[in-house]
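Below you'll find the structure, written out as structure tokens, and then a few comments.
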Amino acid sequence: MLPTLREEIVVYPGPTNYAGEPSWTVHDPTRNRFFRIDWLTYEILGRWSFGDPGVIADNVNSQSPLHVSEEDVNGVARFLVDRELIQSNFEGSARLFNERLQQRRHSWWAWLMHHYLFVRLPLVRPDAWLGRNIGKARLLASRFFFRMTMVALVFGVWQAVTQWEQIRSALVDTITPSGAVAYMITLGIVKVAHELGHAFVAKHYGCRVPTMGVALLVMMPVAYTDTTDTWKLHDKHQRLMVASAGVATELTIAIWATAMLPFLPEGPLRTIVFLLATTTWVSAIVVNFNPLMRFDGYFILSDWLDLPNLHDRAFALAKWRIRKLVLGIKEPPPETFPAHVERILVALAVVTWIYRLGLYLGIAFLVYHFTVKLIGILLFCVEMWWFILKPVIAEMKTWSARRAEWWGNARSRRVMIAGGVVLLLLALPLPAPVGATAVLSPSAVHFVYAPEAGQVTGMRQLGEKLGEGAVVAAIDSPSIVSQRSVVAAEVESLRRQMEGAAVDPEQRMNLLTLQSDLAAAEANLANSAEQAERMELRTPFAGKLVDVDPDLRSGDWVGKGSAIAVVVSEDAWRAVAYLDADEARRVKVGDRANFVPEGLRGSPVAMVVEQVDPDVTRSLPSGVYAASAGGDVLVRAKDGKMVPEGSIYRVRLKTVGIPDKLVGHSWRGQVVIQGSWSSPGWRYLRAAIAVIVREAGF
């Protein structure tokens with residue numbers, strides 16, 4: 001005999017599903033839970049009072065186009081027992097319900113983990129209040145208000161586009177601790193309005209709203225409204241309207257706040273409206289429309305596709321597909337969908353898994369960094385276990401339990417071979433060039449400037465090779481020539497006076513004074529000679545003349561400090577790069593490298609590693625290496641210096657030959673060093689171990 005249905009169980013007509021078949025909804029009023037059933041289950045439940053599986057199956061087969069077996073009836077019985085929709089007067093019911101009770105009694109740590117990860121806190125019972133105010137709320141759903149909102153949307157978008165710079169500047173100004181508090185308060189107000197939107201629309205369609213409150217998701221407060229009663233709605237469009245009401249409410253607030261912003265003067269009211277405009281657009285579109293978490297976007301998509309429990313069904317289908325593709329397990333799918341629907345559900349499941357992996361990792365790191373270190377480590381482990389490791393281990397256990405179904409078949413062999421090859425590639429040392437931002441410049445550069453104003457009397461040609469000490473250009477300075485002539489005449493005069501003083505007794509008493517004046521004059525003459533010699537502009541090393549002013553000719557006049565030319569050494573050019581510790585270990589003196597300048601086409605410049613510093617670099621000599629300037633070194637400003645975020649080592653390289661095409665400028669670019677071979681897997685493992693060791697220390 002079949003177990004007896006509970007008397008309070010109610011069955012409501014449901015919407016037509018995606019395949020065009022009718023459906024029904026079973027309501028358990030005691031627990032306020034709803035279950036969607038198909039046509040076959042409905043026909044069986046309609047004859048449940050017959051009490052015998054064979055009689056029920058025969059009656060359904062004779063009075064409907066369905067074909068039902070006794071096993072189908074027993075399957076419905078198992079469904080009713082699992083959902084506790086039957087009375088507790090059948091044989092073995094005491095043992096069954098006792099087992100269920102024991103399963104629900106968790107240990108204290110399991111209870112704590114569950115309530116840390118998710119807990120609901122009902123705050124109000126709004127159903128009566130909603131009933132009294134539903135008439136006022138309907139005004140916001142009128143056609144007139146909708147049209148006015150569309151006008152406000154067009155105006156607000158136009159204003160936002162034309163005043164975008166002012167809006168962006170104001171947004172940057174709010175990124176402060178007090179601004180963050182203001183955003184949190186504004187977001188709380190918006191979320192209350194969001195939940196009221198769900199509640200009023202549900203009440204409009206005759207549904208009961210028993211509670212509203214706050215749910216704590218990993219200790220993060222999230223507002224919620226209990227709209228479970230919407231399962232009674234036969235029309236899919238009505239359920240979709242309830243699911244969309246919260247987002248629609250937020251968007252309405254954002255539209256009107258954006259439209260009002262240009263009309264408000266500076267002050268508290270404008271600040272509040274600005275916060276409403278910016279916060280609400282982001283929370284409505286980025287957060288609530290996201291179908292990858294169980295927020296409004298998920299329920300909107302679920303109601304639109306008319307697929308209740310969308311994620312669970314998509315996950316089950318994706319697991320079935322993965323088992324089939326990876327292990328070659330041949331089993332019927334958990335549900336039968338059209339091919340395009342199946343592809344959409346599998347893609348949704350995979351994208352959701354990837355998204356949640358990143359999200360849960362981010363939450364775990366936030367929990368770790370914003371709590372006491374010991375508690376942070378424990379909570380981080382809880383997050384990693386509950387959200388990431390536990391589902392993976394559960395699936396691996398399923399694979400292990402079904403080992404006999406896939407072990408040794410062609411598909412599993414190919415997958416294991418491919419997996420082994422991947423592991424081998426991760427474990428074996430492989431050639432892995434080391435890339436980094438580098439600056440290439442000549443080993444020596446001499447900038448030639450005019451020390452004084454004057455006339456150019458000699459000038460070498462562009463590209464001319466010069467020896468050490470060779471004259472690059474000569475400048476004739478009239479002031480220096482005139483000064484030298486005056487000083488020379490003074491020296492000559494003082495010498496004659498000394499000769500006269502040597503034979504004239506009357507002048508002999510001035511001899512010491514004349515000697516002193518002559519020494520000073522000769523010093524001035526020597527200084528003038530040095531100045532004149534400096535007007536011959538020489539190179540301190542052998543090199544090549546580059547970057548000559550094309551308009552400069554012999555006979556031209558130049559001012560003091562004017563740039564004349566640049567001489568660069570013809571020795572090998574040098575480049576400097578900065579590598580992290582792991583990359584620096586793989587580079588040694590003599591390794592080959594190639595340098596590709598930015599903005600210059602052609603073959604790369606061949607180089608060789610000349611030196612690897614043994615000590616870490618404390619600060620960067622130039623901002624061109626910083627990530628903020630297009631380099632690859634993360635830095636922070638400290639005491640006017642650019643301090644690297646991590647441990648980096650300076651590597652010096654020199655060119656093989658002279659790169660003529662680079663002329664005399666310094667060039668930033670990418671250098672690729674052929675370092676020692678390395679195992680990719682070992683590099684990642686070592687980095688992970690280093691992080692664990694560093695963070696585990698107290």
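The way I read the labels, and the way they are meant: chains A, B, ... in the order of the structure tokens, residue 1 as the first residue of every chain, and ligand 1 as the first ligand shown, with later ones counted on from there.
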
task: as a count of residues only, please: all residues of region 385-620 of chain A that backbone DSSP puts in helix (DSSP H, G or I).
output: 98

task: Figure out the distance between CA of Asp52 (chain A) and CA of Pro333 (chain A), please, to one decimal in Å.
output: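 According to the coordinates, CA of Pro333 (chain A) and CA of Asp52 (chain A) are separated by 29.8 Å.
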
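When only C-alpha atoms are used to measure the gap to Trp158 (chain A), the shortest distance among A:Ala259, A:Ala626, A:Leu66, A:Ile377 belongs to A:Ala259.
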
For Ala474 (chain A), find every residue with an atom within 7 Å (counting only C-alpha atoms), except residues of its own chain fewer than 3 positions away, and show them as a PDB file with C-alpha atoms, in the first residue's frame.
ATOM      1  CA  VAL A 456      81.415  79.072 -34.493  1.00  0.00           C
ATOM      2  CA  THR A 457      84.717  78.897 -36.340  1.00  0.00           C
ATOM      3  CA  GLY A 458      84.957  75.148 -36.815  1.00  0.00           C
ATOM      4  CA  MET A 459      82.394  72.357 -36.935  1.00  0.00           C
ATOM      5  CA  MET A 535      86.252  77.414 -26.491  1.00  0.00           C
ATOM      6  CA  GLU A 536      87.723  74.463 -28.375  1.00  0.00           C
ATOM      7  CA  LEU A 537      85.002  71.906 -27.611  1.00  0.00           C
TER       8      LEU A 537
END

Could you build a table of the residues in region 354-416 of chain A lying no more than 12 Å from region 287-293 of chain A, giving for each the nearest pair of atoms and their separation in Å rounded to one decimal place, using only C-alpha atoms, ordered by chain and ascending residue number, as a Markdown table?
| residue | atom | partner | partner_atom | distance |
| --- | --- | --- | --- | --- |
| A:Ile354 | CA | A:Leu292 | CA | 9.6 |
| A:Tyr355 | CA | A:Leu292 | CA | 7.2 |
| A:Arg356 | CA | A:Leu292 | CA | 7.7 |
| A:Leu357 | CA | A:Leu292 | CA | 11.3 |
| A:Gly358 | CA | A:Leu292 | CA | 11.9 |
| A:Leu359 | CA | A:Met293 | CA | 10.0 |
| A:Tyr360 | CA | A:Met293 | CA | 11.4 |

- request: Quick one: everything within 9 Å of Val548 (chain A), counting only C-alpha atoms, minus sequence neighbours fewer than 4 positions away in the same chain. Send it as JSON, numbers by chain.
  value: {"A": [461, 462, 463, 552, 563, 564, 565, 566]}

Any chance you could export the current selection's N, CA and C atoms as a PDB file, in the first residue's frame?
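Result file follows (result20.pdb):
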ATOM      1  N   GLN A 461      81.404  67.230 -39.048  1.00  0.00           N
ATOM      2  CA  GLN A 461      80.214  66.788 -39.758  1.00  0.00           C
ATOM      3  C   GLN A 461      79.489  65.674 -38.989  1.00  0.00           C
ATOM      4  N   LEU A 462      78.180  65.610 -39.204  1.00  0.00           N
ATOM      5  CA  LEU A 462      77.361  64.573 -38.575  1.00  0.00           C
ATOM      6  C   LEU A 462      77.847  63.191 -38.991  1.00  0.00           C
ATOM      7  N   GLY A 463      77.978  62.297 -38.021  1.00  0.00           N
ATOM      8  CA  GLY A 463      78.412  60.933 -38.297  1.00  0.00           C
ATOM      9  C   GLY A 463      79.912  60.768 -38.329  1.00  0.00           C
ATOM     10  N   LEU A 552      73.184  74.607 -37.995  1.00  0.00           N
ATOM     11  CA  LEU A 552      74.400  75.233 -37.485  1.00  0.00           C
ATOM     12  C   LEU A 552      75.531  75.098 -38.504  1.00  0.00           C
ATOM     13  N   ALA A 563      73.064  74.164 -27.320  1.00  0.00           N
ATOM     14  CA  ALA A 563      73.438  72.789 -27.646  1.00  0.00           C
ATOM     15  C   ALA A 563      74.104  72.761 -29.012  1.00  0.00           C
ATOM     16  N   ILE A 564      75.265  72.149 -29.076  1.00  0.00           N
ATOM     17  CA  ILE A 564      76.021  72.084 -30.336  1.00  0.00           C
ATOM     18  C   ILE A 564      75.891  70.707 -30.968  1.00  0.00           C
ATOM     19  N   ALA A 565      76.166  69.643 -30.200  1.00  0.00           N
ATOM     20  CA  ALA A 565      76.161  68.291 -30.759  1.00  0.00           C
ATOM     21  C   ALA A 565      76.184  67.287 -29.617  1.00  0.00           C
ATOM     22  N   VAL A 566      76.110  66.011 -29.994  1.00  0.00           N
ATOM     23  CA  VAL A 566      76.205  64.907 -29.041  1.00  0.00           C
ATOM     24  C   VAL A 566      77.210  63.909 -29.588  1.00  0.00           C
TER      25      VAL A 566
END
